[in-house]
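The structure appears below as structure tokens.
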Amino acid sequence: MTWDSNKFSSAEHAYQFSKAVYHNMKELAEEMKKADTANRVKMLSKNIHTSDAWINKRCRVMKDILVEKFKQVEKFRTALLATGNKPLAHDVMDLFWGTGKNFKGQNMFGKLLMEVRDQARAQMCKDLHL
């Protein structure tokens, strides 16, 4: 997918690249862009001391990336729309992006996916004049 005039292997790559650039860590950002897996780029992101300003904008950045992925990646678009109205849970230990242990996390990634899905569906209906 393309994000911010760069090509990325995954949304995770685009997100962590954006975070590194935001924190003026351009060399790390370039290394992230070239990482062979999303897990590798996630590990590289541990080198960033995340600012409060980034914390305040991270959801907007991730949602924008997911919207672009939805527009550009047919397989992702098809899979997301196929979930219908089902709730989506990002089953990882992270308490902000995921469900965490025993589903006590905020599941923000799952919520963002549902927002993208619902907004895309609403736009599709509007385009069809339904």
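In the structure tokens, each chain is lettered A, B, ... as it comes, each chain's residues begin at 1, and ligands are numbered from 1 in order of appearance.
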Next on the checklist: Need to verify the contact set: Ala53 in chain A, 10 Å, only C-alpha atoms, exclusion of same-chain residues closer than 4 positions in sequence. Can you return it as a list in words?
Outcome noted: Tyr22, His23, Lys57 and Arg58 of chain A
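Excluding Trp97 in chain A and any residue on its chain fewer than 5 positions from it, the residues at most 7 Å away by only C-alpha atoms are Gln106, Asn107, Met108 and Phe109 of chain A.
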Item to check | Among the residues A:Ala89, A:Phe8, A:Gly84, A:Lys101, the one that comes closest to Asp118 in chain A [using only C-alpha atoms] | outcome: A:Gly84
Checklist entry - Among chain A, which residues carry a DSSP assignment of helix (DSSP H, G or I), reported as a ChimeraX atom specification? => result /A:11-22,26-34,38-47,52-72,74-81,101-103,108-127
Checklist entry - If you count only C-alpha atoms, which residues fall within 9 Å of Gly110 in chain A, apart from same-chain ones fewer than 6 positions away, as JSON, numbers by chain? => result {"A": [87, 88, 89, 90, 91, 97, 98, 99]}
Residues from last step as file, N, CA and C atoms, as a compact mmCIF listing (two decimals), in the first residue's frame:
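Final file, out18.txt:
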```txt
# COMPACT_ATOMS: atom_id res chain seq x y z
N PRO A 87 -18.83 -7.54 15.60
CA PRO A 87 -17.78 -6.82 16.33
C PRO A 87 -16.42 -7.42 15.99
N LEU A 88 -15.42 -6.57 15.91
CA LEU A 88 -14.07 -7.01 15.57
C LEU A 88 -13.16 -6.82 16.77
N ALA A 89 -12.43 -7.85 17.11
CA ALA A 89 -11.50 -7.80 18.24
C ALA A 89 -10.09 -8.07 17.75
N HIS A 90 -9.18 -7.18 18.09
CA HIS A 90 -7.76 -7.35 17.77
C HIS A 90 -7.16 -8.11 18.95
N ASP A 91 -7.03 -9.41 18.78
CA ASP A 91 -6.64 -10.31 19.87
C ASP A 91 -5.13 -10.33 20.07
N TRP A 97 -4.27 -1.02 21.73
CA TRP A 97 -4.67 -1.43 20.39
C TRP A 97 -5.45 -2.73 20.39
N GLY A 98 -5.20 -3.59 21.36
CA GLY A 98 -5.83 -4.90 21.36
C GLY A 98 -6.78 -5.14 22.51
N THR A 99 -7.17 -6.40 22.59
CA THR A 99 -8.11 -6.80 23.65
C THR A 99 -7.38 -7.09 24.96
```
Checklist entry - Between CA of Lys46 in chain A and CA of Lys104 in chain A, what is the distance, to one decimal in Å? => result 22.7 Å
Checklist entry - What's the 12 Å shell around Asn24 in chain A, counting only C-alpha atoms, without same-chain residues fewer than 5 positions away, as a PyMOL selection string? => result chain A and resi 17-19+29-30+48-51+54
Checklist entry - Which one is closest to Arg60 in chain A: A:Ala122, A:Val73, A:Val116, A:Leu128? Count only C-alpha atoms. => result A:Val116
If we count only C-alpha atoms and set the cut-off at 9 Å, which residues sit around Phe70 in chain A, ignoring sequence neighbours fewer than 5 positions away in its own chain? Please answer as a PDB file with N, CA, C and O atoms, in the first residue's frame.
```pdb
ATOM      1  N   ILE A  65      -4.549   5.577   7.770  1.00  0.00           N
ATOM      2  CA  ILE A  65      -3.828   4.489   7.098  1.00  0.00           C
ATOM      3  C   ILE A  65      -4.795   3.368   6.726  1.00  0.00           C
ATOM      4  O   ILE A  65      -4.753   2.844   5.607  1.00  0.00           O
ATOM      5  N   LYS A  75      -8.145  -7.229  -1.395  1.00  0.00           N
ATOM      6  CA  LYS A  75      -8.290  -8.369  -0.483  1.00  0.00           C
ATOM      7  C   LYS A  75      -8.693  -7.888   0.922  1.00  0.00           C
ATOM      8  O   LYS A  75      -9.557  -8.482   1.574  1.00  0.00           O
ATOM      9  N   PHE A  76      -8.081  -6.807   1.388  1.00  0.00           N
ATOM     10  CA  PHE A  76      -8.423  -6.230   2.697  1.00  0.00           C
ATOM     11  C   PHE A  76      -9.858  -5.696   2.676  1.00  0.00           C
ATOM     12  O   PHE A  76     -10.647  -5.950   3.586  1.00  0.00           O
ATOM     13  N   ARG A  77     -10.186  -4.953   1.628  1.00  0.00           N
ATOM     14  CA  ARG A  77     -11.527  -4.369   1.497  1.00  0.00           C
ATOM     15  C   ARG A  77     -12.601  -5.467   1.513  1.00  0.00           C
ATOM     16  O   ARG A  77     -13.590  -5.378   2.241  1.00  0.00           O
ATOM     17  N   THR A  78     -12.387  -6.506   0.732  1.00  0.00           N
ATOM     18  CA  THR A  78     -13.341  -7.606   0.650  1.00  0.00           C
ATOM     19  C   THR A  78     -13.496  -8.308   1.991  1.00  0.00           C
ATOM     20  O   THR A  78     -14.611  -8.582   2.440  1.00  0.00           O
ATOM     21  N   LEU A  80     -12.817  -7.110   5.022  1.00  0.00           N
ATOM     22  CA  LEU A  80     -13.428  -6.244   6.026  1.00  0.00           C
ATOM     23  C   LEU A  80     -14.932  -6.132   5.809  1.00  0.00           C
ATOM     24  O   LEU A  80     -15.719  -6.248   6.757  1.00  0.00           O
ATOM     25  N   VAL A 116     -14.011   2.167   9.950  1.00  0.00           N
ATOM     26  CA  VAL A 116     -13.693   2.203   8.522  1.00  0.00           C
ATOM     27  C   VAL A 116     -14.739   1.401   7.752  1.00  0.00           C
ATOM     28  O   VAL A 116     -15.264   1.858   6.732  1.00  0.00           O
ATOM     29  N   ARG A 117     -15.057   0.227   8.234  1.00  0.00           N
ATOM     30  CA  ARG A 117     -16.054  -0.628   7.579  1.00  0.00           C
ATOM     31  C   ARG A 117     -17.403   0.069   7.500  1.00  0.00           C
ATOM     32  O   ARG A 117     -18.024   0.140   6.439  1.00  0.00           O
ATOM     33  N   ALA A 120     -17.334   3.135   5.188  1.00  0.00           N
ATOM     34  CA  ALA A 120     -17.251   2.708   3.784  1.00  0.00           C
ATOM     35  C   ALA A 120     -18.605   2.197   3.312  1.00  0.00           C
ATOM     36  O   ALA A 120     -19.045   2.521   2.203  1.00  0.00           O
TER      37      ALA A 120
END
```
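Residue nearest Lys69 in chain A within the list A:Ala20, A:Met43, A:Leu113, A:Leu95: A:Leu113 [criterion: smallest interatomic distance, only C-alpha atoms].
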Item to check | Atom-to-atom span, CA of Cys125 in chain A and CA of Ser10 in chain A, Å | outcome: 28.0 Å
